[in-house]
>>> print(open('query_1.txt').read())   # compact mmCIF, C-alpha atoms
# COMPACT_ATOMS: atom_id res chain seq x y z
CA MET G 18 8.65 -7.06 -35.75
CA ARG G 19 4.95 -6.81 -34.98
CA PRO G 20 3.41 -8.00 -31.70
CA LEU G 21 2.23 -11.58 -31.40
CA THR G 22 -1.51 -11.88 -30.83
CA ARG G 23 -2.90 -13.86 -27.95
CA THR G 24 -4.20 -16.51 -30.35
CA GLU G 25 -0.80 -16.87 -31.97
CA ILE G 26 0.80 -17.26 -28.56
CA ALA G 27 -1.75 -19.79 -27.28
CA VAL G 28 -1.71 -22.08 -30.35
CA HIS G 29 2.02 -21.89 -31.04
CA PRO G 30 3.55 -25.40 -30.92
CA LEU G 31 6.31 -24.04 -28.66
CA PHE G 32 3.88 -22.59 -26.11
CA PRO G 33 4.00 -25.67 -23.82
CA THR G 34 7.80 -25.42 -23.95
CA ILE G 35 7.87 -21.79 -22.85
CA GLU G 36 5.34 -22.60 -20.15
CA LYS G 37 7.83 -25.09 -18.74
CA GLN G 38 10.56 -22.48 -19.12
CA ILE G 39 8.69 -19.73 -17.27
CA ALA G 40 7.57 -22.17 -14.56
CA GLU G 41 11.21 -23.14 -13.95
CA HIS G 42 12.20 -19.45 -14.01
CA LEU G 43 9.57 -18.52 -11.40
CA ILE G 44 10.55 -21.45 -9.20
CA ALA G 45 14.16 -20.22 -9.33
CA ILE G 46 13.05 -16.73 -8.23
CA HIS G 47 11.13 -18.30 -5.36
CA LEU G 48 14.14 -20.32 -4.22
CA ARG G 49 16.33 -17.19 -4.28
CA THR G 50 13.84 -14.98 -2.45
CA PRO G 51 11.29 -17.26 -0.75
CA ARG G 52 9.88 -14.58 1.55
CA LEU G 53 9.21 -12.23 -1.37
CA SER G 54 7.60 -15.03 -3.38
CA ARG G 55 5.24 -15.81 -0.50
CA LEU G 56 3.82 -12.31 -0.75
CA LYS G 57 2.62 -12.87 -4.32
CA ALA G 58 2.12 -16.60 -4.52
CA SER G 59 -1.66 -16.50 -4.13
CA HIS G 60 -3.56 -14.93 -6.98
CA ARG G 61 -5.06 -12.30 -4.68
CA LYS G 62 -1.59 -11.26 -3.56
CA TRP G 63 -0.36 -11.33 -7.17
CA LEU G 64 -3.03 -8.81 -8.14
CA MET G 65 -2.15 -6.59 -5.19
CA THR G 66 1.62 -6.84 -5.67
CA HIS G 67 1.59 -5.96 -9.36
CA SER G 68 -0.82 -3.10 -8.72
CA LEU G 69 1.35 -1.54 -6.01
CA PHE G 70 4.50 -2.07 -8.06
CA ALA G 71 2.89 -0.31 -11.01
CA LEU G 72 1.95 2.61 -8.76
CA SER G 73 5.52 2.83 -7.53
CA LEU G 74 6.91 2.93 -11.09
CA GLN G 75 4.48 5.71 -12.00
CA ARG G 76 6.12 8.13 -9.57
CA ARG G 77 7.36 11.29 -11.33
CA ASP G 78 10.23 13.52 -10.28
CA ASP G 79 8.19 16.64 -10.96
CA ASP G 80 5.40 15.50 -8.60
CA PRO G 81 6.71 14.50 -5.14
CA LEU G 82 3.28 13.22 -4.07
CA SER G 83 2.87 10.89 -7.08
CA GLY G 84 3.43 7.15 -7.04
CA LEU G 85 2.49 4.61 -4.38
CA THR G 86 0.50 5.82 -1.41
CA ALA G 87 -1.71 3.81 0.90
CA THR G 88 -4.79 5.71 -0.30
CA ARG G 89 -4.15 5.01 -3.97
CA PHE G 90 -3.33 1.37 -3.33
CA VAL G 91 -6.41 0.73 -1.21
CA GLU G 92 -8.60 2.39 -3.86
CA ILE G 93 -7.28 0.02 -6.53
CA VAL G 94 -7.63 -3.06 -4.33
CA MET G 95 -11.21 -2.14 -3.41
CA LYS G 96 -12.05 -1.53 -7.07
CA LEU G 97 -10.70 -4.97 -7.99
CA GLY G 98 -12.45 -6.63 -5.11
CA ALA G 99 -9.14 -8.37 -4.38
CA ALA G 100 -9.26 -7.76 -0.63
CA SER G 101 -10.80 -5.67 2.11
CA ARG G 102 -9.49 -2.25 3.09
CA ASN G 103 -7.93 -3.70 6.26
CA THR G 104 -6.27 -6.54 4.35
CA ALA G 105 -4.81 -4.14 1.79
CA THR G 106 -3.45 -1.87 4.52
CA ALA G 107 -1.97 -4.83 6.39
CA PHE G 108 -0.38 -6.09 3.16
CA LEU G 109 1.43 -2.77 2.70
CA ALA G 110 2.62 -2.85 6.30
CA GLU G 111 3.91 -6.40 5.80
CA LEU G 112 5.91 -5.35 2.74
CA VAL G 113 7.42 -2.44 4.67
CA ALA G 114 8.29 -4.71 7.62
CA TYR G 115 10.01 -7.19 5.28
CA LYS G 116 11.91 -4.30 3.66
CA PHE G 117 10.36 -4.73 0.22
CA LEU G 118 8.89 -1.23 0.45
CA ARG G 119 10.31 1.92 2.08
CA ASP G 120 9.30 5.51 2.63
CA VAL G 121 10.26 8.06 0.01
CA PRO G 122 12.34 10.71 1.83
CA ASP G 123 11.62 14.43 1.93
CA VAL G 124 7.95 14.32 0.92
CA PRO G 125 6.72 17.93 1.24
CA ASP G 126 3.33 17.01 2.72
CA ARG G 127 3.83 15.06 5.95
CA ARG G 128 0.21 13.94 5.87
CA VAL G 129 0.96 11.80 2.82
CA ARG G 130 3.11 8.68 3.10
CA VAL G 131 4.69 7.89 -0.26
CA LEU G 132 6.33 4.48 -0.64
CA GLU G 133 8.74 2.98 -3.15
CA THR G 134 10.06 -0.51 -3.82
CA THR G 135 13.45 -1.49 -2.44
CA GLU G 136 16.22 -2.87 -4.65
CA THR G 137 15.36 -6.46 -3.64
CA ALA G 138 11.74 -6.11 -4.73
CA TYR G 139 12.64 -4.19 -7.89
CA ASP G 140 15.21 -6.78 -8.97
CA ALA G 141 12.78 -9.65 -8.39
CA MET G 142 10.03 -8.00 -10.45
CA LYS G 143 12.47 -7.17 -13.22
CA ALA G 144 13.65 -10.80 -13.24
CA TRP G 145 10.00 -11.87 -13.56
CA PHE G 146 9.57 -9.52 -16.54
CA MET G 147 12.80 -10.56 -18.27
CA GLY G 148 11.91 -14.22 -17.91
CA HIS G 149 8.70 -13.65 -19.83
CA MET G 150 10.53 -11.63 -22.50
CA ALA G 151 12.96 -14.53 -23.02
CA CYS G 152 10.04 -16.92 -23.42
CA LEU G 153 8.30 -14.73 -25.99
CA ASP G 154 11.56 -14.48 -27.93
CA ARG G 155 11.53 -18.24 -28.41
CA LEU G 156 8.20 -18.04 -30.22
CA ASP G 157 9.39 -15.76 -33.04
CA GLY G 158 13.15 -15.34 -32.73
CA GLY G 159 12.66 -11.84 -31.31
CA GLU G 160 14.98 -9.61 -29.32
CA ARG G 161 12.74 -8.48 -26.46
CA GLU G 162 15.01 -9.59 -23.65
CA ALA G 163 18.10 -7.98 -25.18
CA LEU G 164 16.28 -4.70 -25.82
CA ALA G 165 14.80 -4.59 -22.32
CA LEU G 166 18.17 -5.34 -20.74
CA ALA G 167 19.77 -2.58 -22.81
CA ASP G 168 17.14 0.03 -21.91
CA PRO G 169 15.64 -0.14 -18.37
CA ARG G 170 12.93 2.31 -19.42
CA ILE G 171 11.18 -0.48 -21.33
CA PHE G 172 10.51 -2.40 -18.12
CA ARG G 173 9.44 0.72 -16.26
CA ILE G 174 6.87 1.56 -18.95
CA ALA G 175 5.71 -1.97 -19.78
CA GLN G 176 5.14 -3.38 -16.28
CA PRO G 177 2.48 -0.84 -15.22
CA MET G 178 0.68 -1.19 -18.54
CA ALA G 179 0.66 -5.00 -18.39
CA ALA G 180 -0.47 -4.95 -14.75
CA ALA G 181 -3.32 -2.54 -15.52
CA HIS G 182 -4.46 -4.72 -18.40
CA LEU G 183 -4.31 -7.98 -16.45
CA VAL G 184 -6.16 -6.81 -13.35
CA GLU G 185 -9.00 -5.70 -15.64
CA ASP G 186 -8.96 -8.86 -17.79
CA PRO G 187 -11.68 -11.23 -16.51
CA ILE G 188 -9.82 -14.24 -17.93
CA TRP G 189 -6.74 -13.46 -15.85
CA ARG G 190 -8.49 -11.95 -12.83
CA ASP G 191 -10.89 -14.88 -12.43
CA PRO G 192 -9.06 -18.12 -13.33
CA PRO G 193 -11.13 -21.21 -14.17
CA ASP G 194 -12.29 -23.40 -11.29
CA SER G 195 -10.03 -26.26 -12.36
CA ILE G 196 -6.94 -24.29 -11.32
CA GLY G 197 -8.58 -21.58 -9.23
CA HIS G 198 -8.60 -23.48 -5.95
CA PHE G 199 -4.80 -23.73 -6.22
CA LEU G 200 -4.34 -20.08 -7.17
CA TRP G 201 -6.51 -18.61 -4.43
CA SER G 202 -4.52 -20.54 -1.80
CA ASP G 203 -1.24 -19.24 -0.40
CA LEU G 204 1.65 -20.70 -2.41
CA GLY G 205 -0.82 -22.54 -4.64
CA GLY G 206 0.58 -20.68 -7.61
CA MET G 207 4.02 -22.11 -6.89
CA VAL G 208 2.52 -25.59 -6.72
CA LEU G 209 1.01 -25.11 -10.18
CA HIS G 210 4.36 -23.89 -11.53
CA ASP G 211 5.98 -27.01 -10.08
CA LEU G 212 3.45 -29.30 -11.75
CA ILE G 213 3.84 -27.61 -15.14
CA ALA G 214 7.64 -27.74 -14.87
CA ARG G 215 7.32 -31.54 -14.63
CA ILE G 216 5.43 -31.92 -17.92
CA PRO G 217 7.50 -33.78 -20.56
CA GLY G 218 9.15 -31.54 -23.14
CA THR G 219 7.72 -33.44 -26.11
CA PRO G 220 4.12 -32.73 -27.22
CA ASN G 221 1.61 -35.01 -25.55
CA PRO G 222 -1.97 -35.06 -26.88
CA ALA G 223 -3.10 -37.74 -24.43
CA ASP G 224 -6.01 -37.18 -22.05
CA ARG G 225 -3.67 -37.86 -19.17
CA ILE G 226 -0.13 -36.49 -18.99
CA ASP G 227 2.34 -38.39 -16.82
CA VAL G 228 4.64 -36.05 -14.85
CA GLY G 229 6.49 -38.65 -12.77
CA ARG G 230 6.66 -39.27 -9.06
CA LEU G 231 5.59 -36.50 -6.71
CA SER G 232 5.86 -36.46 -2.93
CA LEU G 233 3.51 -34.08 -1.14
CA PRO G 234 5.72 -33.91 1.98
CA GLU G 235 8.68 -32.87 -0.20
CA LEU G 236 6.52 -30.32 -2.01
CA SER G 237 5.37 -28.95 1.34
CA GLU G 238 8.96 -28.53 2.49
CA VAL G 239 10.25 -26.87 -0.71
CA TYR G 240 7.48 -24.26 -0.89
CA MET G 241 6.90 -23.91 2.86
CA ILE G 242 3.22 -24.86 2.64
CA SER G 243 1.39 -26.53 5.47
CA ALA G 244 0.68 -30.19 4.81
CA THR G 245 -3.01 -29.62 5.54
CA ASN G 246 -3.32 -26.81 3.00
CA LEU G 247 -1.44 -28.80 0.35
CA LYS G 248 -3.54 -31.92 0.85
CA ARG G 249 -6.69 -29.81 0.58
CA MET G 250 -5.60 -28.51 -2.85
CA PHE G 251 -4.79 -31.96 -4.20
CA THR G 252 -7.82 -33.69 -2.70
CA LYS G 253 -10.19 -31.28 -4.45
CA ALA G 254 -8.37 -31.74 -7.77
CA GLU G 255 -8.37 -35.53 -7.36
CA THR G 256 -12.09 -35.59 -6.55
CA GLU G 257 -12.82 -33.66 -9.74
CA GLY G 258 -10.66 -35.96 -11.88
CA LEU G 259 -8.15 -33.23 -12.70
CA LEU G 260 -5.12 -35.19 -11.50
CA GLY G 261 -4.26 -38.42 -9.76
CA TRP G 262 -1.70 -41.10 -9.05
CA ASP G 263 -1.26 -44.43 -10.79
CA LEU G 264 -1.28 -46.32 -7.51
CA PRO G 265 -3.40 -46.07 -4.35
CA ARG G 266 -2.42 -43.79 -1.47
CA ARG G 267 -0.75 -41.29 -3.84
CA ARG G 268 1.99 -43.62 -4.92
CA GLY G 269 3.55 -44.15 -8.31
CA SER G 270 3.49 -41.52 -11.04
CA LEU G 271 1.27 -38.44 -10.93
CA TRP G 272 -0.85 -37.61 -13.98
CA LEU G 273 -2.50 -34.34 -14.96
CA SER G 274 -5.70 -34.27 -16.99
CA ARG G 275 -5.77 -32.58 -20.39
CA ARG G 276 -8.46 -30.19 -19.10
CA PHE G 277 -6.27 -29.17 -16.16
CA VAL G 278 -3.26 -28.41 -18.36
CA ASP G 279 -5.26 -26.71 -21.12
CA ASP G 280 -7.06 -24.47 -18.65
CA TYR G 281 -3.73 -23.46 -17.14
CA PHE G 282 -2.23 -22.73 -20.58
CA LYS G 283 -5.25 -20.70 -21.67
CA TRP G 284 -5.08 -18.66 -18.47
CA GLN G 285 -1.34 -18.08 -18.86
CA SER G 286 -1.74 -16.97 -22.48
CA ALA G 287 -3.57 -13.88 -21.20
CA LYS G 288 -0.47 -12.87 -19.22
CA PHE G 289 1.93 -13.41 -22.11
CA ALA G 290 -0.32 -11.43 -24.47
CA ALA G 291 -0.57 -8.51 -22.03
CA LEU G 292 3.21 -8.42 -21.62
CA GLU G 293 3.71 -8.62 -25.37
CA GLU G 294 1.37 -5.69 -25.96
CA ALA G 295 2.99 -3.66 -23.17
CA PHE G 296 6.50 -4.33 -24.48
CA HIS G 297 5.65 -3.07 -27.96
CA HIS G 298 3.82 -0.08 -26.47
CA ALA G 299 7.01 0.80 -24.57
CA LEU G 300 9.08 0.56 -27.75
CA ALA G 301 6.68 2.86 -29.57
CA GLU G 302 6.64 5.37 -26.71
CA LEU G 303 10.44 5.44 -26.60
CA GLY G 304 10.82 5.49 -30.40
CA ILE G 305 12.90 2.30 -30.40
CA ALA G 306 12.99 0.49 -33.73
CA THR G 307 13.47 -3.28 -34.02
CA ASN G 308 14.74 -5.41 -36.84
CA THR G 309 11.57 -5.64 -38.89
CA THR G 310 10.92 -8.48 -41.27
CA ALA G 311 8.06 -9.35 -43.59
CA SER G 312 6.99 -12.19 -41.33
CA HIS G 313 7.76 -14.06 -38.15
CA PRO G 314 9.97 -16.89 -39.44
CA LEU G 315 9.16 -19.29 -36.62
CA LEU G 316 5.44 -18.63 -36.95
CA ALA G 317 5.60 -19.32 -40.67
CA GLU G 318 7.53 -22.49 -40.02
CA ALA G 319 4.82 -23.57 -37.58
CA GLY G 320 2.12 -22.90 -40.16
CA LEU G 321 0.68 -19.91 -38.28
CA PRO G 322 -0.32 -16.56 -39.79
CA ALA G 323 2.53 -14.06 -39.92
>>> encode(input="query_1.txt", output="structure tokens")
Amino acid sequence: MRPLTRTEIAVHPLFPTIEKQIAEHLIAIHLRTPRLSRLKASHRKWLMTHSLFALSLQRRDDDPLSGLTATRFVEIVMKLGAASRNTATAFLAELVAYKFLRDVPDVPDRRVRVLETTETAYDAMKAWFMGHMACLDRLDGGEREALALADPRIFRIAQPMAAAHLVEDPIWRDPPDSIGHFLWSDLGGMVLHDLIARIPGTPNPADRIDVGRLSLPELSEVYMISATNLKRMFTKAETEGLLGWDLPRRRGSLWLSRRFVDDYFKWQSAKFAALEEAFHHALAELGIATNTTASHPLLAEAGLPA
């Protein structure tokens, strides 16, 4: 089965459905490991976390100094412009303190500190990856999740490739302003996931999409965001007409503008496309064959090119 293109992913009639699915999946990961989620819930931290995780997975047994080191990580962060040198170094220290990273034992050169992810961090990242594989499977009836579960090497090859692609992709690295002020704030990414998870499951072409009642104090408590920070995010979006409530003083049902939702979907399609490409690259590298067919049956059914 050939890879889905980004266009095919973005225009697929089931794409809003899998966006709800992945939003609910990421919220579940957050609720299981809230401290870990906080370290990648802003877009800046997401870029840093995936970069350091990719470095950790690239460690080779025949090279004891390979993999994640502070020097390599800081170089990547500085190249991306994601944070300052001091911020990057402090981020690593925070991950070590929270036991999401640990020192690799018996490194021959004591001047070099090589780090690796702990089981908690590894399992959370793998869950993130598998959730996206399950979503992509819904678009074409594929078997990505089953294959990746059966062979852990797929994840270990695909995650670094997808991360490298996304941190270089201007669409993903620099989200549109309509959603950017959420994403650059701590836990703002979780707020966006929560909003998307509330979108009705049936297609809605309206300019305004009703997502039901939403309490900012409750949202603040669930995602451990300060009330001031949360209000700042919503006030900016309200002022720009990106979302609002039916009644004054943020009462009644919340609505999201079509622009707000479409910008979020377009941004997310870059991630799904990068993961799709990386998954198929891993299969090719490992020589794993899939059940090939002449076309994607669900794409054909949707009237999309196969």
>>> closest_residue(input="query_1.txt", among="G:Ser54, G:Ala107, G:Leu164, G:Arg76", to="G:Val91", atoms="all atoms listed in the file")
G:Ala107
>>> atom_distance(input="query_1.txt", atom1="atom CA of G:Leu72", atom2="atom CA of G:Leu85")
4.8 Å
>>> residues_around(input="query_1.txt", residues="G:Asp263", least_positions_apart="4", cutoff="12 Å", atoms="all atoms listed in the file", output="list in words")
Arg225, Ile226, Asp227, Val228, Gly229, Arg230, Leu231, Glu255, Arg267, Arg268, Gly269, Ser270, Leu271, Trp272 and Leu273 of chain G
>>> atom_distance(input="query_1.txt", atom1="atom CA of G:Gly206", atom2="atom CA of G:Glu92")
25.1 Å
>>> closest_residue(input="query_1.txt", among="G:Met178, G:Ala87, G:Met65, G:Leu112", to="G:Ala100", atoms="only C-alpha atoms")
G:Met65
>>> closest_residue(input="query_1.txt", among="G:Ile39, G:His67, G:Met250, G:Asp157", to="G:Asp194", atoms="only C-alpha atoms")
G:Met250
>>> residues_near_point(input="query_1.txt", point="(-11.4, -23.8, -15.3)", cutoff="10 Å", atoms="all atoms listed in the file", output="list in words")
Asp191, Pro192, Pro193, Asp194, Ser195, Ile196, Gly197, His198, Arg276, Phe277, Val278, Asp279, Asp280, Tyr281, Lys283 and Trp284 of chain G
>>> closest_residue(input="query_1.txt", among="G:Ser73, G:Gln176, G:Thr34, G:Thr104", to="G:Leu132", atoms="all atoms listed in the file")
G:Ser73
>>> atom_distance(input="query_1.txt", atom1="atom CA of G:Leu82", atom2="atom CA of G:Leu118")
16.1 Å
>>> residues_around(input="query_1.txt", residues="G:Phe172", least_positions_apart="4", cutoff="9 Å", atoms="only C-alpha atoms", output="list in words")
Lys143, Phe146, Met147, Ala165, Leu166, Asp168, Gln176, Pro177, Phe296 and Ala299 of chain G
>>> residues_around(input="query_1.txt", residues="G:Ile46", least_positions_apart="4", cutoff="12 Å", atoms="all atoms listed in the file", output="PyMOL selection string")
chain G and resi 39-42+50-55+57-58+137-138+140-148+207+210+240
>>> closest_residue(input="query_1.txt", among="G:Met241, G:Ile216, G:Ala99, G:Leu156", to="G:Pro30", atoms="only C-alpha atoms")
G:Leu156
>>> residues_around(input="query_1.txt", residues="G:Asp154", least_positions_apart="2", cutoff="12 Å", atoms="all atoms listed in the file", output="ChimeraX atom specification")
/G:18,20-21,26,31-32,35,38,147-152,156-165,289,293,296,313-316
>>> decode(input="query_1.txt", residues="stretch 33-44 of chain G", atoms="all heavy atoms", output="PDB file, in the first residue's frame")
ATOM      1  N   PRO G  33     -11.424  15.252   9.568  1.00  0.00           N
ATOM      2  CA  PRO G  33     -11.924  15.832  10.833  1.00  0.00           C
ATOM      3  C   PRO G  33     -12.180  14.779  11.904  1.00  0.00           C
ATOM      4  O   PRO G  33     -11.964  15.034  13.092  1.00  0.00           O
ATOM      5  CB  PRO G  33     -13.228  16.516  10.405  1.00  0.00           C
ATOM      6  CG  PRO G  33     -13.034  16.821   8.954  1.00  0.00           C
ATOM      7  CD  PRO G  33     -12.257  15.651   8.424  1.00  0.00           C
ATOM      8  N   THR G  34     -12.600  13.583  11.493  1.00  0.00           N
ATOM      9  CA  THR G  34     -12.861  12.515  12.449  1.00  0.00           C
ATOM     10  C   THR G  34     -11.580  12.044  13.120  1.00  0.00           C
ATOM     11  O   THR G  34     -11.534  11.828  14.341  1.00  0.00           O
ATOM     12  CB  THR G  34     -13.537  11.319  11.742  1.00  0.00           C
ATOM     13  OG1 THR G  34     -14.755  11.762  11.141  1.00  0.00           O
ATOM     14  CG2 THR G  34     -13.841  10.198  12.728  1.00  0.00           C
ATOM     15  N   ILE G  35     -10.513  11.874  12.332  1.00  0.00           N
ATOM     16  CA  ILE G  35      -9.259  11.427  12.946  1.00  0.00           C
ATOM     17  C   ILE G  35      -8.617  12.549  13.751  1.00  0.00           C
ATOM     18  O   ILE G  35      -7.845  12.282  14.678  1.00  0.00           O
ATOM     19  CB  ILE G  35      -8.271  10.820  11.929  1.00  0.00           C
ATOM     20  CG1 ILE G  35      -7.673  11.890  11.015  1.00  0.00           C
ATOM     21  CG2 ILE G  35      -8.921   9.711  11.125  1.00  0.00           C
ATOM     22  CD1 ILE G  35      -6.464  11.400  10.224  1.00  0.00           C
ATOM     23  N   GLU G  36      -8.924  13.798  13.420  1.00  0.00           N
ATOM     24  CA  GLU G  36      -8.434  14.898  14.247  1.00  0.00           C
ATOM     25  C   GLU G  36      -9.062  14.841  15.634  1.00  0.00           C
ATOM     26  O   GLU G  36      -8.387  15.076  16.641  1.00  0.00           O
ATOM     27  CB  GLU G  36      -8.727  16.244  13.579  1.00  0.00           C
ATOM     28  CG  GLU G  36      -7.721  16.648  12.519  1.00  0.00           C
ATOM     29  CD  GLU G  36      -6.332  16.875  13.103  1.00  0.00           C
ATOM     30  OE1 GLU G  36      -6.216  17.177  14.308  1.00  0.00           O
ATOM     31  OE2 GLU G  36      -5.363  16.739  12.360  1.00  0.00           O
ATOM     32  N   LYS G  37     -10.354  14.542  15.683  1.00  0.00           N
ATOM     33  CA  LYS G  37     -11.005  14.343  16.976  1.00  0.00           C
ATOM     34  C   LYS G  37     -10.379  13.157  17.702  1.00  0.00           C
ATOM     35  O   LYS G  37     -10.118  13.207  18.906  1.00  0.00           O
ATOM     36  CB  LYS G  37     -12.504  14.097  16.787  1.00  0.00           C
ATOM     37  CG  LYS G  37     -13.346  15.336  16.587  1.00  0.00           C
ATOM     38  CD  LYS G  37     -14.789  14.976  16.347  1.00  0.00           C
ATOM     39  CE  LYS G  37     -15.402  14.170  17.478  1.00  0.00           C
ATOM     40  NZ  LYS G  37     -15.582  14.950  18.728  1.00  0.00           N
ATOM     41  N   GLN G  38     -10.118  12.094  16.956  1.00  0.00           N
ATOM     42  CA  GLN G  38      -9.561  10.878  17.554  1.00  0.00           C
ATOM     43  C   GLN G  38      -8.182  11.134  18.149  1.00  0.00           C
ATOM     44  O   GLN G  38      -7.898  10.724  19.277  1.00  0.00           O
ATOM     45  CB  GLN G  38      -9.477   9.774  16.490  1.00  0.00           C
ATOM     46  CG  GLN G  38      -8.885   8.467  16.997  1.00  0.00           C
ATOM     47  CD  GLN G  38      -8.904   7.378  15.940  1.00  0.00           C
ATOM     48  OE1 GLN G  38      -9.792   7.319  15.099  1.00  0.00           O
ATOM     49  NE2 GLN G  38      -7.902   6.506  15.965  1.00  0.00           N
ATOM     50  N   ILE G  39      -7.309  11.828  17.405  1.00  0.00           N
ATOM     51  CA  ILE G  39      -5.958  12.052  17.923  1.00  0.00           C
ATOM     52  C   ILE G  39      -5.990  13.063  19.067  1.00  0.00           C
ATOM     53  O   ILE G  39      -5.202  12.964  20.019  1.00  0.00           O
ATOM     54  CB  ILE G  39      -4.996  12.507  16.800  1.00  0.00           C
ATOM     55  CG1 ILE G  39      -3.543  12.303  17.258  1.00  0.00           C
ATOM     56  CG2 ILE G  39      -5.227  13.952  16.401  1.00  0.00           C
ATOM     57  CD1 ILE G  39      -3.172  10.884  17.567  1.00  0.00           C
ATOM     58  N   ALA G  40      -6.901  14.032  19.010  1.00  0.00           N
ATOM     59  CA  ALA G  40      -7.029  14.986  20.114  1.00  0.00           C
ATOM     60  C   ALA G  40      -7.417  14.252  21.394  1.00  0.00           C
ATOM     61  O   ALA G  40      -6.834  14.485  22.460  1.00  0.00           O
ATOM     62  CB  ALA G  40      -8.067  16.051  19.774  1.00  0.00           C
ATOM     63  N   GLU G  41      -8.379  13.339  21.303  1.00  0.00           N
ATOM     64  CA  GLU G  41      -8.802  12.570  22.471  1.00  0.00           C
ATOM     65  C   GLU G  41      -7.665  11.666  22.958  1.00  0.00           C
ATOM     66  O   GLU G  41      -7.479  11.483  24.172  1.00  0.00           O
ATOM     67  CB  GLU G  41     -10.036  11.743  22.116  1.00  0.00           C
ATOM     68  CG  GLU G  41     -11.276  12.603  21.876  1.00  0.00           C
ATOM     69  CD  GLU G  41     -12.397  11.848  21.195  1.00  0.00           C
ATOM     70  OE1 GLU G  41     -12.169  10.672  20.792  1.00  0.00           O
ATOM     71  OE2 GLU G  41     -13.497  12.423  21.036  1.00  0.00           O
ATOM     72  N   HIS G  42      -6.894  11.119  22.020  1.00  0.00           N
ATOM     73  CA  HIS G  42      -5.763  10.258  22.373  1.00  0.00           C
ATOM     74  C   HIS G  42      -4.692  11.055  23.135  1.00  0.00           C
ATOM     75  O   HIS G  42      -4.158  10.591  24.148  1.00  0.00           O
ATOM     76  CB  HIS G  42      -5.171   9.668  21.091  1.00  0.00           C
ATOM     77  CG  HIS G  42      -3.970   8.791  21.309  1.00  0.00           C
ATOM     78  ND1 HIS G  42      -4.058   7.518  21.835  1.00  0.00           N
ATOM     79  CD2 HIS G  42      -2.642   9.003  21.075  1.00  0.00           C
ATOM     80  CE1 HIS G  42      -2.861   6.982  21.908  1.00  0.00           C
ATOM     81  NE2 HIS G  42      -1.977   7.859  21.457  1.00  0.00           N
ATOM     82  N   LEU G  43      -4.388  12.253  22.659  1.00  0.00           N
ATOM     83  CA  LEU G  43      -3.359  13.071  23.301  1.00  0.00           C
ATOM     84  C   LEU G  43      -3.830  13.581  24.665  1.00  0.00           C
ATOM     85  O   LEU G  43      -3.019  13.715  25.592  1.00  0.00           O
ATOM     86  CB  LEU G  43      -2.979  14.233  22.389  1.00  0.00           C
ATOM     87  CG  LEU G  43      -2.332  13.815  21.063  1.00  0.00           C
ATOM     88  CD1 LEU G  43      -2.107  15.036  20.167  1.00  0.00           C
ATOM     89  CD2 LEU G  43      -1.014  13.087  21.288  1.00  0.00           C
ATOM     90  N   ILE G  44      -5.110  13.869  24.783  1.00  0.00           N
ATOM     91  CA  ILE G  44      -5.654  14.261  26.086  1.00  0.00           C
ATOM     92  C   ILE G  44      -5.515  13.112  27.078  1.00  0.00           C
ATOM     93  O   ILE G  44      -5.155  13.311  28.244  1.00  0.00           O
ATOM     94  CB  ILE G  44      -7.131  14.691  25.944  1.00  0.00           C
ATOM     95  CG1 ILE G  44      -7.216  16.025  25.178  1.00  0.00           C
ATOM     96  CG2 ILE G  44      -7.785  14.833  27.317  1.00  0.00           C
ATOM     97  CD1 ILE G  44      -8.628  16.408  24.773  1.00  0.00           C
TER      98      ILE G  44
END
